[in-house]
>>> print(open('upload18.cif').read())   # mmCIF, N, CA and C atoms
data_input
#
loop_
_atom_site.label_atom_id
_atom_site.label_comp_id
_atom_site.auth_asym_id
_atom_site.auth_seq_id
_atom_site.Cartn_x
_atom_site.Cartn_y
_atom_site.Cartn_z
N MET A 251 16.26 20.08 50.84
CA MET A 251 16.98 20.23 49.61
C MET A 251 17.61 18.89 49.25
N PHE A 252 17.67 18.62 47.96
CA PHE A 252 18.22 17.35 47.47
C PHE A 252 19.70 17.50 47.16
N THR A 253 20.41 16.45 47.41
CA THR A 253 21.82 16.40 47.06
C THR A 253 22.01 15.22 46.11
N ILE A 254 22.59 15.49 44.95
CA ILE A 254 22.84 14.43 43.97
C ILE A 254 24.30 14.07 44.03
N HIS A 255 24.57 12.82 44.25
CA HIS A 255 25.94 12.33 44.31
C HIS A 255 26.40 11.91 42.92
N SER A 256 27.66 11.87 42.69
CA SER A 256 28.21 11.57 41.37
C SER A 256 27.80 10.19 40.88
N GLU A 257 27.67 9.20 41.77
CA GLU A 257 27.26 7.87 41.33
C GLU A 257 25.81 7.87 40.86
N GLU A 258 24.96 8.76 41.43
CA GLU A 258 23.58 8.88 40.97
C GLU A 258 23.53 9.50 39.58
N LEU A 259 24.41 10.45 39.32
CA LEU A 259 24.47 11.06 37.99
C LEU A 259 24.85 10.01 36.94
N GLY A 260 25.77 9.13 37.29
CA GLY A 260 26.16 8.06 36.38
C GLY A 260 24.99 7.14 36.08
N HIS A 261 24.20 6.83 37.10
CA HIS A 261 23.03 5.98 36.93
C HIS A 261 21.99 6.66 36.05
N ILE A 262 21.77 7.95 36.25
CA ILE A 262 20.82 8.71 35.44
C ILE A 262 21.26 8.69 33.97
N GLY A 263 22.56 8.84 33.73
CA GLY A 263 23.07 8.81 32.36
C GLY A 263 22.80 7.47 31.68
N VAL A 264 22.97 6.37 32.40
CA VAL A 264 22.72 5.02 31.87
C VAL A 264 21.24 4.87 31.53
N VAL A 265 20.38 5.32 32.43
CA VAL A 265 18.94 5.23 32.21
C VAL A 265 18.54 6.04 30.97
N MET A 266 19.07 7.24 30.84
CA MET A 266 18.75 8.09 29.69
C MET A 266 19.20 7.43 28.38
N LYS A 267 20.36 6.78 28.38
CA LYS A 267 20.85 6.09 27.19
C LYS A 267 19.92 4.93 26.82
N LYS A 268 19.45 4.22 27.83
CA LYS A 268 18.54 3.10 27.57
C LYS A 268 17.21 3.61 26.99
N ILE A 269 16.72 4.71 27.53
CA ILE A 269 15.47 5.29 27.02
C ILE A 269 15.65 5.75 25.58
N ALA A 270 16.76 6.40 25.27
CA ALA A 270 17.04 6.86 23.91
C ALA A 270 17.14 5.66 22.96
N ALA A 271 17.80 4.59 23.38
CA ALA A 271 17.92 3.39 22.55
C ALA A 271 16.54 2.78 22.30
N LEU A 272 15.68 2.79 23.31
CA LEU A 272 14.33 2.27 23.15
C LEU A 272 13.55 3.08 22.12
N PHE A 273 13.66 4.40 22.16
CA PHE A 273 12.98 5.25 21.18
C PHE A 273 13.46 4.95 19.77
N VAL A 274 14.76 4.79 19.60
CA VAL A 274 15.31 4.48 18.27
C VAL A 274 14.78 3.13 17.79
N PHE A 275 14.77 2.13 18.66
CA PHE A 275 14.27 0.81 18.30
C PHE A 275 12.81 0.87 17.86
N VAL A 276 11.97 1.57 18.64
CA VAL A 276 10.55 1.68 18.32
C VAL A 276 10.36 2.39 16.99
N ALA A 277 11.12 3.45 16.75
CA ALA A 277 11.00 4.18 15.48
C ALA A 277 11.39 3.30 14.30
N LEU A 278 12.44 2.53 14.44
CA LEU A 278 12.86 1.65 13.35
C LEU A 278 11.87 0.51 13.14
N ALA A 279 11.33 -0.02 14.21
CA ALA A 279 10.38 -1.12 14.11
C ALA A 279 9.08 -0.66 13.46
N ALA A 280 8.70 0.59 13.67
CA ALA A 280 7.45 1.11 13.11
C ALA A 280 7.59 1.53 11.65
N THR A 281 8.80 1.66 11.15
CA THR A 281 9.02 2.08 9.77
C THR A 281 8.93 0.86 8.86
N PRO A 282 7.98 0.86 7.89
CA PRO A 282 7.87 -0.30 7.01
C PRO A 282 9.05 -0.38 6.06
N THR A 283 9.52 -1.58 5.85
CA THR A 283 10.58 -1.77 4.87
C THR A 283 9.93 -1.87 3.50
N PRO A 284 10.66 -1.59 2.43
CA PRO A 284 10.07 -1.67 1.09
C PRO A 284 9.44 -3.03 0.81
N VAL A 285 10.04 -4.10 1.27
CA VAL A 285 9.49 -5.43 1.00
C VAL A 285 8.14 -5.59 1.69
N LEU A 286 8.03 -5.15 2.94
CA LEU A 286 6.77 -5.25 3.64
C LEU A 286 5.72 -4.34 3.03
N ALA A 287 6.12 -3.17 2.61
CA ALA A 287 5.17 -2.23 2.02
C ALA A 287 4.64 -2.75 0.69
N GLN A 288 5.43 -3.55 -0.03
CA GLN A 288 4.99 -4.07 -1.31
C GLN A 288 3.92 -5.14 -1.13
N GLY A 289 3.98 -5.87 -0.04
CA GLY A 289 3.00 -6.90 0.22
C GLY A 289 2.97 -7.94 -0.90
N GLN A 290 1.80 -8.51 -1.13
CA GLN A 290 1.69 -9.57 -2.12
C GLN A 290 1.54 -9.03 -3.53
N TRP A 291 1.38 -7.75 -3.70
CA TRP A 291 1.09 -7.22 -5.02
C TRP A 291 2.33 -6.77 -5.78
N GLY A 292 3.44 -6.56 -5.14
CA GLY A 292 4.63 -6.07 -5.83
C GLY A 292 4.72 -4.57 -5.69
N ASN A 293 5.47 -3.94 -6.57
CA ASN A 293 5.67 -2.49 -6.50
C ASN A 293 4.42 -1.77 -6.98
N SER A 294 3.96 -0.81 -6.20
CA SER A 294 2.81 -0.02 -6.63
C SER A 294 3.29 1.22 -7.37
N PHE A 295 2.46 1.69 -8.25
CA PHE A 295 2.75 2.89 -9.03
C PHE A 295 2.25 4.11 -8.27
N THR A 296 2.93 5.23 -8.44
CA THR A 296 2.38 6.49 -7.94
C THR A 296 1.29 6.92 -8.92
N ALA A 297 0.51 7.91 -8.53
CA ALA A 297 -0.55 8.40 -9.42
C ALA A 297 0.06 8.92 -10.72
N ASP A 298 1.19 9.63 -10.64
CA ASP A 298 1.84 10.15 -11.85
C ASP A 298 2.34 9.03 -12.75
N GLU A 299 2.91 7.99 -12.16
CA GLU A 299 3.41 6.86 -12.96
C GLU A 299 2.26 6.13 -13.63
N ALA A 300 1.15 5.95 -12.93
CA ALA A 300 -0.02 5.30 -13.52
C ALA A 300 -0.58 6.13 -14.67
N ARG A 301 -0.64 7.44 -14.48
CA ARG A 301 -1.13 8.34 -15.54
C ARG A 301 -0.21 8.28 -16.76
N ASP A 302 1.10 8.27 -16.52
CA ASP A 302 2.06 8.18 -17.63
C ASP A 302 1.90 6.87 -18.39
N ALA A 303 1.70 5.76 -17.67
CA ALA A 303 1.51 4.46 -18.31
C ALA A 303 0.25 4.47 -19.17
N ARG A 304 -0.81 5.08 -18.66
CA ARG A 304 -2.05 5.20 -19.43
C ARG A 304 -1.85 6.06 -20.67
N ASP A 305 -1.18 7.20 -20.50
CA ASP A 305 -0.96 8.12 -21.63
C ASP A 305 -0.09 7.50 -22.71
N LYS A 306 0.85 6.64 -22.32
CA LYS A 306 1.71 5.96 -23.29
C LYS A 306 1.00 4.78 -23.96
N GLY A 307 -0.15 4.41 -23.43
CA GLY A 307 -0.90 3.29 -24.00
C GLY A 307 -0.44 1.93 -23.52
N SER A 308 0.39 1.89 -22.48
CA SER A 308 0.88 0.59 -21.99
C SER A 308 -0.11 -0.08 -21.04
N VAL A 309 -1.11 0.66 -20.57
CA VAL A 309 -2.18 0.08 -19.75
C VAL A 309 -3.53 0.59 -20.26
N VAL A 310 -4.54 -0.23 -20.03
CA VAL A 310 -5.91 0.14 -20.38
C VAL A 310 -6.38 1.20 -19.39
N PRO A 311 -7.04 2.27 -19.86
CA PRO A 311 -7.54 3.28 -18.91
C PRO A 311 -8.54 2.67 -17.92
N LEU A 312 -8.44 3.08 -16.69
CA LEU A 312 -9.35 2.57 -15.66
C LEU A 312 -10.81 2.84 -15.99
N ARG A 313 -11.11 3.96 -16.61
CA ARG A 313 -12.52 4.28 -16.91
C ARG A 313 -13.13 3.19 -17.80
N ASP A 314 -12.33 2.61 -18.71
CA ASP A 314 -12.83 1.53 -19.57
C ASP A 314 -13.11 0.28 -18.74
N ILE A 315 -12.22 -0.02 -17.81
CA ILE A 315 -12.41 -1.19 -16.94
C ILE A 315 -13.60 -0.97 -16.01
N PHE A 316 -13.74 0.25 -15.49
CA PHE A 316 -14.86 0.55 -14.60
C PHE A 316 -16.19 0.39 -15.33
N ARG A 317 -16.26 0.82 -16.60
CA ARG A 317 -17.48 0.66 -17.38
C ARG A 317 -17.87 -0.81 -17.49
N ARG A 318 -16.87 -1.65 -17.76
CA ARG A 318 -17.12 -3.09 -17.89
C ARG A 318 -17.57 -3.69 -16.56
N LEU A 319 -16.92 -3.29 -15.47
CA LEU A 319 -17.30 -3.81 -14.16
C LEU A 319 -18.70 -3.35 -13.78
N LYS A 320 -19.03 -2.12 -14.11
CA LYS A 320 -20.36 -1.57 -13.81
C LYS A 320 -21.43 -2.37 -14.55
N SER A 321 -21.18 -2.70 -15.81
CA SER A 321 -22.18 -3.47 -16.56
C SER A 321 -22.26 -4.91 -16.07
N GLN A 322 -21.15 -5.46 -15.60
CA GLN A 322 -21.13 -6.85 -15.14
C GLN A 322 -21.68 -7.02 -13.73
N TYR A 323 -21.29 -6.10 -12.81
CA TYR A 323 -21.64 -6.25 -11.39
C TYR A 323 -22.59 -5.17 -10.87
N GLY A 324 -22.77 -4.08 -11.62
CA GLY A 324 -23.47 -2.93 -11.07
C GLY A 324 -22.59 -2.31 -9.99
N GLY A 325 -23.09 -1.36 -9.27
CA GLY A 325 -22.34 -0.81 -8.15
C GLY A 325 -21.30 0.22 -8.56
N TYR A 326 -20.23 0.29 -7.77
CA TYR A 326 -19.24 1.35 -7.96
C TYR A 326 -17.88 0.95 -7.43
N GLN A 327 -16.87 1.69 -7.86
CA GLN A 327 -15.48 1.47 -7.46
C GLN A 327 -15.23 2.12 -6.11
N ILE A 328 -14.55 1.38 -5.22
CA ILE A 328 -14.16 1.91 -3.91
C ILE A 328 -12.72 2.39 -3.95
N ASP A 329 -11.85 1.56 -4.53
CA ASP A 329 -10.42 1.88 -4.57
C ASP A 329 -9.82 1.17 -5.77
N ALA A 330 -8.74 1.73 -6.30
CA ALA A 330 -8.04 1.09 -7.42
C ALA A 330 -6.58 1.50 -7.38
N ASN A 331 -5.70 0.51 -7.60
CA ASN A 331 -4.26 0.76 -7.63
C ASN A 331 -3.63 -0.06 -8.74
N LEU A 332 -2.54 0.46 -9.28
CA LEU A 332 -1.79 -0.22 -10.32
C LEU A 332 -0.50 -0.77 -9.69
N TYR A 333 -0.23 -2.05 -9.95
CA TYR A 333 0.94 -2.71 -9.37
C TYR A 333 1.75 -3.42 -10.45
N ASN A 334 3.04 -3.57 -10.19
CA ASN A 334 3.91 -4.44 -10.99
C ASN A 334 3.95 -5.78 -10.31
N ARG A 335 3.72 -6.82 -11.06
CA ARG A 335 3.85 -8.19 -10.56
C ARG A 335 4.81 -8.91 -11.49
N ASN A 336 5.20 -10.11 -11.11
CA ASN A 336 6.06 -10.90 -11.98
C ASN A 336 5.43 -11.12 -13.34
N SER A 337 4.11 -11.28 -13.36
CA SER A 337 3.39 -11.55 -14.61
C SER A 337 3.10 -10.27 -15.40
N GLY A 338 3.44 -9.12 -14.88
CA GLY A 338 3.18 -7.85 -15.56
C GLY A 338 2.41 -6.88 -14.67
N GLN A 339 1.81 -5.89 -15.29
CA GLN A 339 1.09 -4.87 -14.53
C GLN A 339 -0.36 -5.29 -14.33
N VAL A 340 -0.85 -5.07 -13.11
CA VAL A 340 -2.24 -5.39 -12.78
C VAL A 340 -2.87 -4.23 -12.02
N TYR A 341 -4.17 -4.08 -12.24
CA TYR A 341 -4.97 -3.21 -11.40
C TYR A 341 -5.58 -4.09 -10.31
N VAL A 342 -5.57 -3.61 -9.08
CA VAL A 342 -6.30 -4.25 -8.00
C VAL A 342 -7.39 -3.27 -7.62
N ILE A 343 -8.63 -3.69 -7.84
CA ILE A 343 -9.78 -2.80 -7.70
C ILE A 343 -10.71 -3.35 -6.62
N ASP A 344 -11.05 -2.50 -5.67
CA ASP A 344 -12.08 -2.84 -4.68
C ASP A 344 -13.39 -2.29 -5.22
N TRP A 345 -14.39 -3.16 -5.31
CA TRP A 345 -15.65 -2.81 -5.98
C TRP A 345 -16.83 -3.18 -5.08
N MET A 346 -17.81 -2.30 -4.99
CA MET A 346 -19.04 -2.57 -4.25
C MET A 346 -20.14 -2.86 -5.27
N THR A 347 -20.73 -4.07 -5.19
CA THR A 347 -21.77 -4.45 -6.15
C THR A 347 -23.09 -3.81 -5.76
N GLU A 348 -24.07 -3.93 -6.66
CA GLU A 348 -25.42 -3.43 -6.39
C GLU A 348 -26.02 -4.11 -5.16
N LYS A 349 -25.62 -5.36 -4.93
CA LYS A 349 -26.16 -6.14 -3.82
C LYS A 349 -25.45 -5.85 -2.50
N GLY A 350 -24.47 -4.93 -2.51
CA GLY A 350 -23.75 -4.58 -1.30
C GLY A 350 -22.59 -5.51 -0.99
N GLU A 351 -22.19 -6.32 -1.96
CA GLU A 351 -21.06 -7.24 -1.77
C GLU A 351 -19.78 -6.53 -2.18
N ARG A 352 -18.78 -6.59 -1.33
CA ARG A 352 -17.49 -5.98 -1.64
C ARG A 352 -16.60 -7.01 -2.31
N LEU A 353 -16.07 -6.66 -3.48
CA LEU A 353 -15.20 -7.54 -4.24
C LEU A 353 -13.82 -6.92 -4.38
N ARG A 354 -12.82 -7.77 -4.45
CA ARG A 354 -11.46 -7.35 -4.82
C ARG A 354 -11.19 -8.01 -6.16
N ILE A 355 -11.06 -7.18 -7.18
CA ILE A 355 -10.92 -7.68 -8.55
C ILE A 355 -9.52 -7.33 -9.05
N THR A 356 -8.82 -8.34 -9.56
CA THR A 356 -7.50 -8.13 -10.15
C THR A 356 -7.66 -8.20 -11.65
N VAL A 357 -7.17 -7.16 -12.32
CA VAL A 357 -7.32 -7.03 -13.77
C VAL A 357 -5.95 -6.87 -14.41
N ASN A 358 -5.70 -7.61 -15.47
CA ASN A 358 -4.47 -7.42 -16.26
C ASN A 358 -4.53 -6.02 -16.85
N ALA A 359 -3.59 -5.17 -16.49
CA ALA A 359 -3.64 -3.76 -16.89
C ALA A 359 -3.35 -3.57 -18.37
N GLN A 360 -2.62 -4.51 -19.01
CA GLN A 360 -2.31 -4.36 -20.44
C GLN A 360 -3.49 -4.78 -21.32
N THR A 361 -4.25 -5.81 -20.88
CA THR A 361 -5.33 -6.34 -21.71
C THR A 361 -6.71 -5.94 -21.22
N GLY A 362 -6.84 -5.60 -19.95
CA GLY A 362 -8.14 -5.31 -19.36
C GLY A 362 -8.90 -6.56 -18.93
N ARG A 363 -8.31 -7.73 -19.08
CA ARG A 363 -8.94 -9.00 -18.72
C ARG A 363 -8.93 -9.20 -17.21
N ILE A 364 -10.05 -9.66 -16.66
CA ILE A 364 -10.14 -9.96 -15.24
C ILE A 364 -9.34 -11.22 -14.96
N VAL A 365 -8.40 -11.10 -14.01
CA VAL A 365 -7.54 -12.22 -13.64
C VAL A 365 -8.16 -13.01 -12.49
N SER A 366 -8.68 -12.30 -11.50
CA SER A 366 -9.32 -12.97 -10.36
C SER A 366 -10.31 -12.04 -9.69
N THR A 367 -11.25 -12.66 -9.00
CA THR A 367 -12.26 -11.93 -8.22
C THR A 367 -12.38 -12.61 -6.87
N ASN A 368 -12.22 -11.84 -5.81
CA ASN A 368 -12.35 -12.37 -4.44
C ASN A 368 -13.40 -11.59 -3.70
#
>>> encode(input="upload18.cif", output="structure tokens")
Amino acid sequence: MFTIHSEELGHIGVVMKKIAALFVFVALAATPTPVLAQGQWGNSFTADEARDARDKGSVVPLRDIFRRLKSQYGGYQIDANLYNRNSGQVYVIDWMTEKGERLRITVNAQTGRIVSTN
């Protein structure tokens, strides 16, 4: 049979506190801060916010931009997001060309003009 002495209980309490502090640290470290989540693109819109912007006419509908990209590059859209940048609102679109090349295309959301292609 085991006998636990009071000094061992004190040691167990210290160890448990250290383990709990480690869990809290790991949880906080794994949680992205808003600045890190924004990355280089700025604040991203939710789907509802993007739809509202389109309905108000403040951004060009994505279907119009997709049509233009399809005629220019062929292929199809992989992903698209609307972001706020210092220069205004932009779509960042991942596009797969007919030739199998993956492009990241930044489009001015107010004008529909292509800003950059990577």
>>> resolve_selection(input="upload18.cif", expression="the PyMOL selection byres (((chain A and resi 302-317 and name CA) around 6) and name CA)", output="CSV table (one decimal) with N, CA and C atoms, in the coordinates of the input")
chain,number,residue,atom,x,y,z
A,299,GLU,N,2.9,8.0,-12.2
A,299,GLU,CA,3.4,6.9,-13.0
A,299,GLU,C,2.3,6.1,-13.6
A,300,ALA,N,1.2,6.0,-12.9
A,300,ALA,CA,0.0,5.3,-13.5
A,300,ALA,C,-0.6,6.1,-14.7
A,301,ARG,N,-0.6,7.4,-14.5
A,301,ARG,CA,-1.1,8.3,-15.5
A,301,ARG,C,-0.2,8.3,-16.8
A,318,ARG,N,-16.9,-1.6,-17.8
A,318,ARG,CA,-17.1,-3.1,-17.9
A,318,ARG,C,-17.6,-3.7,-16.6
A,319,LEU,N,-16.9,-3.3,-15.5
A,319,LEU,CA,-17.3,-3.8,-14.2
A,319,LEU,C,-18.7,-3.4,-13.8
A,320,LYS,N,-19.0,-2.1,-14.1
A,320,LYS,CA,-20.4,-1.6,-13.8
A,320,LYS,C,-21.4,-2.4,-14.6
A,359,ALA,N,-3.6,-5.2,-16.5
A,359,ALA,CA,-3.6,-3.8,-16.9
A,359,ALA,C,-3.4,-3.6,-18.4
A,360,GLN,N,-2.6,-4.5,-19.0
A,360,GLN,CA,-2.3,-4.4,-20.4
A,360,GLN,C,-3.5,-4.8,-21.3
A,362,GLY,N,-6.8,-5.6,-20.0
A,362,GLY,CA,-8.1,-5.3,-19.4
A,362,GLY,C,-8.9,-6.6,-18.9
>>> resolve_selection(input="upload18.cif", expression="the PyMOL selection byres ((chain A and resi 328-332) around 6.5)", output="list of chain:residue names")
A:Asn293, A:Ser294, A:Phe295, A:Tyr326, A:Gln327, A:Tyr333, A:Asn334, A:Gln339, A:Val340, A:Tyr341, A:Val342, A:Ile343, A:Asp344, A:Trp345, A:Met346
>>> atom_distance(input="upload18.cif", atom1="CA of Ser337 (chain A)", atom2="CA of Arg352 (chain A)")
25.2 Å
>>> atom_distance(input="upload18.cif", atom1="CA of Gly325 (chain A)", atom2="atom C of Glu348 (chain A)")
5.8 Å
>>> resolve_selection(input="upload18.cif", expression="the PyMOL selection byres ((chain A and resi 367) around 7)", output="list in words")
Leu353, Arg354, Ile355, Thr356, Ile364, Val365, Ser366 and Asn368 of chain A
>>> write_last_selection(input="upload18.cif", atoms="N, CA and C atoms", output="PDB file, in the coordinates of the input")
ATOM      1  N   LEU A 353     -16.070  -6.660  -3.480  1.00  0.00           N
ATOM      2  CA  LEU A 353     -15.200  -7.540  -4.240  1.00  0.00           C
ATOM      3  C   LEU A 353     -13.820  -6.920  -4.380  1.00  0.00           C
ATOM      4  N   ARG A 354     -12.820  -7.770  -4.450  1.00  0.00           N
ATOM      5  CA  ARG A 354     -11.460  -7.350  -4.820  1.00  0.00           C
ATOM      6  C   ARG A 354     -11.190  -8.010  -6.160  1.00  0.00           C
ATOM      7  N   ILE A 355     -11.060  -7.180  -7.180  1.00  0.00           N
ATOM      8  CA  ILE A 355     -10.920  -7.680  -8.550  1.00  0.00           C
ATOM      9  C   ILE A 355      -9.520  -7.330  -9.050  1.00  0.00           C
ATOM     10  N   THR A 356      -8.820  -8.340  -9.560  1.00  0.00           N
ATOM     11  CA  THR A 356      -7.500  -8.130 -10.150  1.00  0.00           C
ATOM     12  C   THR A 356      -7.660  -8.200 -11.650  1.00  0.00           C
ATOM     13  N   ILE A 364     -10.050  -9.660 -16.660  1.00  0.00           N
ATOM     14  CA  ILE A 364     -10.140  -9.960 -15.240  1.00  0.00           C
ATOM     15  C   ILE A 364      -9.340 -11.220 -14.960  1.00  0.00           C
ATOM     16  N   VAL A 365      -8.400 -11.100 -14.010  1.00  0.00           N
ATOM     17  CA  VAL A 365      -7.540 -12.220 -13.640  1.00  0.00           C
ATOM     18  C   VAL A 365      -8.160 -13.010 -12.490  1.00  0.00           C
ATOM     19  N   SER A 366      -8.680 -12.300 -11.500  1.00  0.00           N
ATOM     20  CA  SER A 366      -9.320 -12.970 -10.360  1.00  0.00           C
ATOM     21  C   SER A 366     -10.310 -12.040  -9.690  1.00  0.00           C
ATOM     22  N   ASN A 368     -12.220 -11.840  -5.810  1.00  0.00           N
ATOM     23  CA  ASN A 368     -12.350 -12.370  -4.440  1.00  0.00           C
ATOM     24  C   ASN A 368     -13.400 -11.590  -3.700  1.00  0.00           C
TER      25      ASN A 368
END
>>> atom_distance(input="upload18.cif", atom1="CA of Gly324 (chain A)", atom2="CA of Thr347 (chain A)")
5.4 Å
